[in-house]
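Printed here is work06.pdb (PDB, C-alpha atoms):
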ATOM      1  CA  MET A   1       3.478  62.213  35.671
ATOM      2  CA  LYS A   2       6.545  62.132  33.453
ATOM      3  CA  LEU A   3       6.103  62.996  29.792
ATOM      4  CA  LYS A   4       7.465  59.605  28.721
ATOM      5  CA  THR A   5       4.817  57.775  30.757
ATOM      6  CA  TRP A   6       2.071  60.140  29.597
ATOM      7  CA  LEU A   7       3.027  59.702  25.914
ATOM      8  CA  LEU A   8       3.150  55.906  26.280
ATOM      9  CA  ILE A   9      -0.321  55.879  27.855
ATOM     10  CA  THR A  10      -1.647  58.123  25.065
ATOM     11  CA  TYR A  11      -0.074  55.889  22.417
ATOM     12  CA  PHE A  12      -1.624  52.819  24.086
ATOM     13  CA  ILE A  13      -5.082  54.431  24.075
ATOM     14  CA  VAL A  14      -4.771  55.372  20.388
ATOM     15  CA  MET A  15      -3.634  51.835  19.497
ATOM     16  CA  LEU A  16      -6.384  50.258  21.615
ATOM     17  CA  LEU A  17      -9.187  52.316  20.085
ATOM     18  CA  PRO A  18      -9.427  50.423  16.723
ATOM     19  CA  LEU A  19      -9.341  47.080  18.559
ATOM     20  CA  LEU A  20     -12.085  48.241  20.898
ATOM     21  CA  MET A  21     -14.287  49.429  18.033
ATOM     22  CA  ALA A  22     -13.651  46.174  16.129
ATOM     23  CA  TYR A  23     -14.666  44.180  19.203
ATOM     24  CA  ILE A  24     -17.831  46.273  19.621
ATOM     25  CA  LEU A  25     -18.704  45.715  15.955
ATOM     26  CA  PHE A  26     -18.054  41.973  16.219
ATOM     27  CA  ALA A  27     -20.057  41.661  19.453
ATOM     28  CA  TRP A  28     -22.959  43.657  18.007
ATOM     29  CA  ILE A  29     -23.082  41.585  14.824
ATOM     30  CA  GLN A  30     -22.754  38.376  16.826
ATOM     31  CA  SER A  31     -25.593  39.470  19.109
ATOM     32  CA  TYR A  32     -27.768  40.281  16.112
ATOM     33  CA  ASN A  33     -26.865  36.962  14.505
ATOM     34  CA  ASP A  34     -27.835  35.092  17.690
ATOM     35  CA  ASP A  35     -31.157  36.956  17.818
ATOM     36  CA  VAL A  36     -32.204  36.082  14.259
ATOM     37  CA  LYS A  37     -30.355  32.793  13.877
ATOM     38  CA  VAL A  38     -33.225  30.445  14.719
ATOM     39  CA  ALA A  39     -35.913  32.418  12.902
ATOM     40  CA  GLU A  40     -33.712  32.887   9.831
ATOM     41  CA  HIS A  41     -32.754  29.195   9.824
ATOM     42  CA  VAL A  42     -36.375  28.027   9.989
ATOM     43  CA  GLU A  43     -37.505  30.522   7.339
ATOM     44  CA  THR A  44     -34.650  29.570   5.013
ATOM     45  CA  LEU A  45     -35.230  25.852   5.467
ATOM     46  CA  SER A  46     -38.893  26.355   4.663
ATOM     47  CA  LYS A  47     -38.009  28.192   1.422
ATOM     48  CA  ILE A  48     -35.568  25.507   0.407
ATOM     49  CA  GLN A  49     -37.995  22.666   1.064
ATOM     50  CA  ALA A  50     -40.674  24.425  -0.983
ATOM     51  CA  VAL A  51     -38.229  24.700  -3.901
ATOM     52  CA  ALA A  52     -36.625  21.260  -3.410
ATOM     53  CA  VAL A  53     -39.914  19.454  -4.011
ATOM     54  CA  ASN A  54     -39.811  20.619  -7.613
ATOM     55  CA  LEU A  55     -36.122  19.830  -8.072
ATOM     56  CA  ARG A  56     -36.304  16.109  -7.245
ATOM     57  CA  THR A  57     -37.651  15.274 -10.695
ATOM     58  CA  PRO A  58     -35.074  13.041 -12.461
ATOM     59  CA  GLU A  59     -36.004  14.359 -15.934
ATOM     60  CA  LEU A  60     -34.471  17.743 -15.048
ATOM     61  CA  TYR A  61     -31.007  16.196 -14.943
ATOM     62  CA  HIS A  62     -30.922  14.723 -18.428
ATOM     63  CA  PRO A  63     -28.511  16.844 -20.471
ATOM     64  CA  LYS A  64     -30.910  16.816 -23.422
ATOM     65  CA  ASN A  65     -34.645  17.117 -23.819
ATOM     66  CA  ALA A  66     -35.127  18.562 -20.327
ATOM     67  CA  ASP A  67     -37.733  21.287 -19.851
ATOM     68  CA  ARG A  68     -36.388  23.619 -17.142
ATOM     69  CA  LYS A  69     -38.419  26.739 -17.920
ATOM     70  CA  LYS A  70     -40.636  26.218 -14.892
ATOM     71  CA  LEU A  71     -37.551  26.577 -12.683
ATOM     72  CA  GLU A  72     -37.467  30.281 -13.469
ATOM     73  CA  GLN A  73     -40.681  30.663 -11.483
ATOM     74  CA  LEU A  74     -39.077  29.049  -8.439
ATOM     75  CA  SER A  75     -36.131  31.425  -8.229
ATOM     76  CA  ASP A  76     -36.029  35.126  -7.446
ATOM     77  CA  HIS A  77     -33.488  37.708  -6.301
ATOM     78  CA  ASN A  78     -33.135  35.846  -2.999
ATOM     79  CA  VAL A  79     -33.133  32.240  -4.241
ATOM     80  CA  VAL A  80     -30.539  30.845  -6.664
ATOM     81  CA  ILE A  81     -31.043  27.341  -8.112
ATOM     82  CA  GLU A  82     -28.204  25.269  -9.592
ATOM     83  CA  LEU A  83     -28.564  21.837 -11.183
ATOM     84  CA  TYR A  84     -25.549  19.560 -11.729
ATOM     85  CA  HIS A  85     -25.117  16.354 -13.652
ATOM     86  CA  ARG A  86     -23.786  13.433 -11.652
ATOM     87  CA  ASP A  87     -20.441  14.004 -13.392
ATOM     88  CA  GLY A  88     -20.274  17.541 -12.023
ATOM     89  CA  PHE A  89     -21.284  19.492 -15.121
ATOM     90  CA  LEU A  90     -23.537  22.487 -14.601
ATOM     91  CA  LEU A  91     -26.879  21.876 -16.260
ATOM     92  CA  TYR A  92     -28.817  24.933 -15.126
ATOM     93  CA  SER A  93     -28.339  28.017 -12.979
ATOM     94  CA  SER A  94     -30.704  30.875 -12.278
ATOM     95  CA  ASN A  95     -27.594  32.996 -11.761
ATOM     96  CA  THR A  96     -26.708  34.345 -15.191
ATOM     97  CA  ALA A  97     -23.118  34.884 -14.112
ATOM     98  CA  MET A  98     -22.520  31.124 -14.078
ATOM     99  CA  LYS A  99     -21.796  29.513 -17.470
ATOM    100  CA  HIS A 100     -22.479  25.973 -18.575
ATOM    101  CA  HIS A 101     -18.966  25.628 -19.944
ATOM    102  CA  ASP A 102     -17.372  26.327 -16.554
ATOM    103  CA  PRO A 103     -15.108  23.513 -15.269
ATOM    104  CA  PRO A 104     -17.135  20.667 -13.693
ATOM    105  CA  LEU A 105     -17.112  20.089  -9.961
ATOM    106  CA  ASN A 106     -14.875  17.304  -8.726
ATOM    107  CA  LYS A 107     -16.281  14.312  -6.877
ATOM    108  CA  GLU A 108     -15.140  15.520  -3.483
ATOM    109  CA  THR A 109     -16.893  18.865  -3.843
ATOM    110  CA  LEU A 110     -19.945  17.336  -5.450
ATOM    111  CA  TYR A 111     -20.523  14.777  -2.680
ATOM    112  CA  SER A 112     -19.599  16.973   0.279
ATOM    113  CA  ASP A 113     -22.138  18.540   2.690
ATOM    114  CA  LEU A 114     -25.141  16.672   1.264
ATOM    115  CA  PHE A 115     -28.493  17.232   3.048
ATOM    116  CA  ALA A 116     -26.842  19.920   5.216
ATOM    117  CA  LEU A 117     -27.922  23.537   5.423
ATOM    118  CA  LYS A 118     -24.614  25.439   5.381
ATOM    119  CA  GLN A 119     -24.659  28.997   6.661
ATOM    120  CA  GLY A 120     -22.282  31.453   5.039
ATOM    121  CA  TYR A 121     -21.798  35.192   5.245
ATOM    122  CA  GLN A 122     -23.611  35.851   1.966
ATOM    123  CA  SER A 123     -26.079  32.967   1.811
ATOM    124  CA  PHE A 124     -27.425  29.655   3.050
ATOM    125  CA  VAL A 125     -26.534  26.679   0.833
ATOM    126  CA  TYR A 126     -28.376  23.368   0.627
ATOM    127  CA  LYS A 127     -27.306  20.486  -1.629
ATOM    128  CA  GLU A 128     -29.071  17.207  -2.277
ATOM    129  CA  PRO A 129     -28.648  14.295  -4.735
ATOM    130  CA  VAL A 130     -31.493  13.228  -7.031
ATOM    131  CA  PHE A 131     -32.189   9.530  -7.617
ATOM    132  CA  ASP A 132     -33.814   7.648 -10.442
ATOM    133  CA  ASN A 133     -34.450   3.988  -9.543
ATOM    134  CA  SER A 134     -31.818   4.092  -6.771
ATOM    135  CA  GLU A 135     -29.253   5.628  -9.138
ATOM    136  CA  ILE A 136     -27.931   9.170  -8.742
ATOM    137  CA  VAL A 137     -28.696  11.190 -11.856
ATOM    138  CA  GLY A 138     -27.702  14.606 -10.568
ATOM    139  CA  PHE A 139     -27.549  17.136  -7.774
ATOM    140  CA  PHE A 140     -29.376  20.327  -7.030
ATOM    141  CA  GLN A 141     -28.058  23.182  -4.963
ATOM    142  CA  VAL A 142     -30.198  25.998  -3.586
ATOM    143  CA  ARG A 143     -28.707  29.239  -2.363
ATOM    144  CA  VAL A 144     -30.818  31.582  -0.251
ATOM    145  CA  LEU A 145     -29.143  34.969  -0.188
ATOM    146  CA  ARG A 146     -29.036  36.784   3.146
ATOM    147  CA  HIS A 147     -29.876  40.267   1.882
ATOM    148  CA  GLU A 148     -31.661  41.367   5.036
ATOM    149  CA  TRP A 149     -28.890  40.052   7.277
ATOM    150  CA  ASN A 150     -26.182  41.645   5.119
ATOM    151  CA  GLU A 151     -28.043  44.960   5.098
ATOM    152  CA  ALA A 152     -28.301  44.871   8.899
ATOM    153  CA  VAL A 153     -24.588  44.099   9.185
ATOM    154  CA  VAL A 154     -23.748  46.937   6.782
ATOM    155  CA  ASN A 155     -25.904  49.356   8.767
ATOM    156  CA  ARG A 156     -24.311  48.322  12.045
ATOM    157  CA  SER A 157     -20.853  48.556  10.494
ATOM    158  CA  ALA A 158     -21.653  52.064   9.232
ATOM    159  CA  ILE A 159     -22.829  53.113  12.705
ATOM    160  CA  VAL A 160     -19.728  51.687  14.388
ATOM    161  CA  ILE A 161     -17.413  53.224  11.774
ATOM    162  CA  GLY A 162     -19.180  56.575  12.199
ATOM    163  CA  LEU A 163     -18.767  56.358  15.968
ATOM    164  CA  PHE A 164     -15.141  55.383  15.473
ATOM    165  CA  ILE A 165     -14.498  58.405  13.245
ATOM    166  CA  ILE A 166     -16.212  60.761  15.698
ATOM    167  CA  LEU A 167     -14.365  59.242  18.655
ATOM    168  CA  PHE A 168     -11.098  59.362  16.716
ATOM    169  CA  PHE A 169     -11.424  63.081  15.992
ATOM    170  CA  VAL A 170     -12.523  63.820  19.567
ATOM    171  CA  LEU A 171      -9.569  61.845  20.900
ATOM    172  CA  TYR A 172      -7.244  63.512  18.369
ATOM    173  CA  ALA A 173      -8.429  66.979  19.418
ATOM    174  CA  LEU A 174      -8.089  66.082  23.098
ATOM    175  CA  ILE A 175      -4.582  64.680  22.645
ATOM    176  CA  ALA A 176      -3.566  67.681  20.513
ATOM    177  CA  PHE A 177      -4.842  70.001  23.242
ATOM    178  CA  LEU A 178      -3.027  68.079  25.979
ATOM    179  CA  VAL A 179       0.207  67.848  23.965
ATOM    180  CA  ASN A 180       0.075  71.587  23.303
ATOM    181  CA  ARG A 181      -0.591  72.255  26.982
ATOM    182  CA  LYS A 182       1.915  69.809  28.456
ATOM    183  CA  VAL A 183       4.697  70.116  25.852
ATOM    184  CA  ASN A 184       4.461  72.859  23.227
ATOM    185  CA  ALA A 185       3.223  75.719  25.408
ATOM    186  CA  ARG A 186       5.686  74.944  28.183
ATOM    187  CA  LEU A 187       8.626  74.658  25.782
ATOM    188  CA  ALA A 188       7.596  77.925  24.121
ATOM    189  CA  GLY A 189       7.437  79.593  27.558
ATOM    190  CA  LEU A 190      10.863  78.249  28.486
ATOM    191  CA  MET A 191      12.336  79.483  25.184
ATOM    192  CA  GLU A 192      10.822  82.929  25.786
ATOM    193  CA  GLU A 193      12.365  83.075  29.279
ATOM    194  CA  MET A 194      15.761  82.066  27.847
ATOM    195  CA  THR A 195      15.477  84.755  25.180
ATOM    196  CA  ARG A 196      14.596  87.430  27.781
ATOM    197  CA  PHE A 197      17.516  86.363  29.942
ATOM    198  CA  ALA A 198      19.897  86.471  26.948
ATOM    199  CA  GLU A 199      18.691  90.010  26.166
ATOM    200  CA  GLY A 200      19.339  91.071  29.748
ATOM    201  CA  LYS A 201      15.675  91.478  30.638
ATOM    202  CA  GLU A 202      14.093  90.460  33.924
ATOM    203  CA  VAL A 203      12.937  86.856  34.206
ATOM    204  CA  ILE A 204      10.398  85.871  36.862
ATOM    205  CA  GLU A 205      10.756  82.266  37.956
ATOM    206  CA  THR A 206       7.517  80.263  37.747
ATOM    207  CA  GLU A 207       6.404  76.973  39.225
ATOM    208  CA  THR A 208       8.036  73.853  37.769
ATOM    209  CA  ASN A 209       6.762  70.276  37.544
ATOM    210  CA  GLN A 210       8.697  67.076  38.156
ATOM    211  CA  ASP A 211       8.617  65.877  34.545
ATOM    212  CA  GLU A 212      11.337  66.249  31.914
ATOM    213  CA  ILE A 213      10.414  69.824  30.920
ATOM    214  CA  GLY A 214      10.075  70.804  34.577
ATOM    215  CA  LYS A 215      13.572  69.494  35.323
ATOM    216  CA  LEU A 216      14.925  71.311  32.263
ATOM    217  CA  LYS A 217      13.333  74.500  33.577
ATOM    218  CA  GLN A 218      14.852  73.900  37.021
ATOM    219  CA  HIS A 219      18.302  73.507  35.438
ATOM    220  CA  PHE A 220      17.807  76.745  33.497
ATOM    221  CA  TYR A 221      16.827  78.617  36.672
ATOM    222  CA  ALA A 222      19.841  77.170  38.522
ATOM    223  CA  MET A 223      22.151  78.177  35.655
ATOM    224  CA  ARG A 224      20.554  81.644  35.597
ATOM    225  CA  ARG A 225      21.160  82.099  39.333
ATOM    226  CA  GLN A 226      24.787  80.998  38.944
ATOM    227  CA  ILE A 227      25.343  83.430  36.061
ATOM    228  CA  LEU A 228      23.733  86.288  37.995
ATOM    229  CA  ALA A 229      25.852  85.453  41.049
ATOM    230  CA  ALA A 230      28.991  85.443  38.869
ATOM    231  CA  GLN A 231      27.981  88.775  37.347
ATOM    232  CA  ASP A 232      27.429  90.250  40.822
ATOM    233  CA  ALA A 233      30.852  88.985  41.904
ATOM    234  CA  ILE A 234      32.501  90.515  38.826
ATOM    235  CA  GLU A 235      30.725  93.836  39.408
ATOM    236  CA  LYS A 236      31.761  93.820  43.072
ATOM    237  CA  GLU A 237      35.361  93.097  42.109
ATOM    238  CA  GLN A 238      35.249  95.894  39.535
ATOM    239  CA  ARG A 239      33.912  98.352  42.131
ATOM    240  CA  GLU A 240      36.687  97.336  44.528
ATOM    241  CA  LYS A 241      39.288  97.883  41.802
ATOM    242  CA  GLU A 242      37.876 101.304  41.038
ATOM    243  CA  TYR A 243      37.868 102.201  44.753
ATOM    244  CA  MET A 244      41.460 100.990  45.130
ATOM    245  CA  ILE A 245      42.600 102.985  42.096
ATOM    246  CA  ALA A 246      40.773 106.078  43.375
ATOM    247  CA  THR A 247      42.400 105.659  46.798
ATOM    248  CA  LEU A 248      45.836 105.179  45.290
ATOM    249  CA  SER A 249      45.295 108.154  43.020
ATOM    250  CA  HIS A 250      44.342 110.279  46.035
ATOM    251  CA  ASP A 251      47.343 109.059  48.066
ATOM    252  CA  LEU A 252      49.687 109.777  45.186
ATOM    253  CA  LYS A 253      48.199 113.121  44.229
ATOM    254  CA  THR A 254      49.074 114.948  47.484
ATOM    255  CA  PRO A 255      52.879 114.294  47.497
ATOM    256  CA  LEU A 256      53.096 114.692  43.742
ATOM    257  CA  THR A 257      51.409 118.076  44.005
ATOM    258  CA  SER A 258      53.908 119.137  46.664
ATOM    259  CA  ILE A 259      56.864 117.864  44.621
ATOM    260  CA  GLN A 260      55.557 119.698  41.582
ATOM    261  CA  ALA A 261      55.014 122.929  43.535
ATOM    262  CA  TYR A 262      58.489 122.977  45.211
ATOM    263  CA  ALA A 263      60.181 121.934  41.969
ATOM    264  CA  GLU A 264      58.511 124.766  40.111
ATOM    265  CA  ALA A 265      59.506 127.166  42.944
ATOM    266  CA  LEU A 266      63.137 126.114  42.686
ATOM    267  CA  LEU A 267      63.041 126.752  38.960
ATOM    268  CA  ALA A 268      61.084 130.014  39.123
ATOM    269  CA  GLU A 269      62.367 131.741  42.204
ATOM    270  CA  ARG A 270      65.710 133.385  41.456
ATOM    271  CA  LYS A 271      66.212 135.129  44.829
ATOM    272  CA  LEU A 272      65.979 132.057  47.085
ATOM    273  CA  THR A 273      68.631 131.754  49.682
ATOM    274  CA  GLU A 274      70.830 128.743  49.875
ATOM    275  CA  LYS A 275      69.046 127.626  53.009
ATOM    276  CA  GLU A 276      65.641 127.841  51.256
ATOM    277  CA  ARG A 277      66.930 125.909  48.305
ATOM    278  CA  GLN A 278      68.230 123.185  50.586
ATOM    279  CA  GLU A 279      64.912 123.112  52.480
ATOM    280  CA  TYR A 280      62.925 122.833  49.244
ATOM    281  CA  GLY A 281      65.152 120.009  48.042
ATOM    282  CA  GLU A 282      64.697 118.081  51.308
ATOM    283  CA  ILE A 283      60.906 118.456  51.017
ATOM    284  CA  ILE A 284      61.008 117.147  47.434
ATOM    285  CA  VAL A 285      63.088 114.092  48.496
ATOM    286  CA  ASP A 286      60.787 113.459  51.482
ATOM    287  CA  LYS A 287      57.592 113.625  49.363
ATOM    288  CA  ALA A 288      59.183 111.399  46.731
ATOM    289  CA  LYS A 289      59.925 108.758  49.410
TER     290      LYS A 289
END

Would you write the structure of this file as structure tokens?
Amino acid sequence: MKLKTWLLITYFIVMLLPLLMAYILFAWIQSYNDDVKVAEHVETLSKIQAVAVNLRTPELYHPKNADRKKLEQLSDHNVVIELYHRDGFLLYSSNTAMKHHDPPLNKETLYSDLFALKQGYQSFVYKEPVFDNSEIVGFFQVRVLRHEWNEAVVNRSAIVIGLFIILFFVLYALIAFLVNRKVNARLAGLMEEMTRFAEGKEVIETETNQDEIGKLKQHFYAMRRQILAAQDAIEKEQREKEYMIATLSHDLKTPLTSIQAYAEALLAERKLTEKERQEYGEIIVDKAK
């Protein structure tokens, strides 16, 4: 497999991993939600109906002279009660974070989703109008917080995130190992072989793959063989030159030695006859030719 293809596949796996873990988390939460949906809905509706019976009293929605202390007994850390005037002003809330001077609800918000149990991520919400002689005097809204459901989702999210982190590090270590094996180690080996060849040391050719580094290694080996062949040719040519020079030197040395010897005899020998002198001169001319 070529390195380009291998790196693209690795990149795809790394990019796909978060999506896969997100899908697992979503599917797990959805499965849990489907398992508890009916039971949670019935239990929540039962709580709301038990509270709503006490909230349908018209006197609770008079801005003044309304005794709402008993409402504190109906609410707890899971149930939040809110009473609104028919004009949208907040009359009472068991949630201390909500203030009576907050902006009133508009008509559209106030009259939307009446008698419907709305399921949200944090809570169930139920809203209902309160009548006094067929006239709306106010609205009550009951929120049932989904602490147990949220805790289960948080736990499942923590488990999935933990698995994601573990899988991420395992995948990172595996990819780092494979990258080192397929790229770094092979490049380091190729650089070492190049360095040995540059220093004139022996290089043993090893097996090459068909990927980019393998082809680079093949080109290096081909270049090395060409350089060695050129060096052998140069050395052979140099040996032939040396042999030719040695042969020429040998061929020239014999006549030159004779010329030198007869020339020195002509100069040194004083009692040579004319015939000997002529003979020596002919020998010198002959050797010179």

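Taking CA of Arg224 in chain A and CA of Gln210 in chain A as the two end points, the separation is 19.0 Å.
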
Inset, instruction - Considering all atoms listed in the file, state which residue in the set A:Ile227, A:Trp6, A:Arg146, A:Phe164 is at the smallest distance from Tyr23 in chain A. - result: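 When distances to Tyr23 in chain A are compared using all atoms listed in the file, the smallest one comes from A:Phe164.
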
Inset, instruction - Any chance you could resolve the PyMOL selection byres ((chain A and resi 80) around 12) against this file and give the residues as a PyMOL selection string? - result: chain A and resi 47-48+51-52+71-79+81-83+92-98+123-127+140-146

Legend entry - Interatomic distance, CA of Ala116 in chain A to CA of Lys69 in chain A (Å, one decimal): 26.8 Å

Inset, instruction - Name the residues that the PyMOL selection byres ((chain A and resi 156) around 12) pulls out of this structure, and write them as a list of chain:residue names. - result: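 Selected by the PyMOL selection byres ((chain A and resi 156) around 12) in this file: A:Met21, A:Ala22, A:Ile24, A:Leu25, A:Phe26, A:Ala27, A:Trp28, A:Ile29, A:Gln30, A:Ser31, A:Tyr32, A:Asn33, A:Trp149, A:Asn150, A:Glu151, A:Ala152, A:Val153, A:Val154, A:Asn155, A:Ser157, A:Ala158, A:Ile159, A:Val160, A:Ile161, A:Gly162, A:Leu163.
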
Inset, instruction - Give me the residues within 12 Å of range 178-194 of chain A as an MDAnalysis selection string, counting all atoms listed in the file and dropping any in the same chain fewer than 3 places off. - result: chainID A and resid 1:4 6:7 10 171:175 197:209 211:221 223:224

Inset, instruction - Tell me which of A:Ala229, A:Val285, A:Ala265, A:Leu167 sits closest to Leu17 in chain A, counting only C-alpha atoms. - result: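 Of A:Ala229, A:Val285, A:Ala265, A:Leu167, the one nearest Leu17 in chain A, counting only C-alpha atoms, is A:Leu167.
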
Inset, instruction - Tell me which of A:Asp67, A:Asp35, A:Glu59, A:Asp232 sits closest to Asp132 in chain A, counting all atoms listed in the file. - result: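 Among the listed residues, A:Glu59 lies closest to Asp132 in chain A.
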
Inset, instruction - Please write as a count of residues only the full residue list that the PyMOL selection byres ((chain A and resi 86) around 7) yields on this file. - result: 8
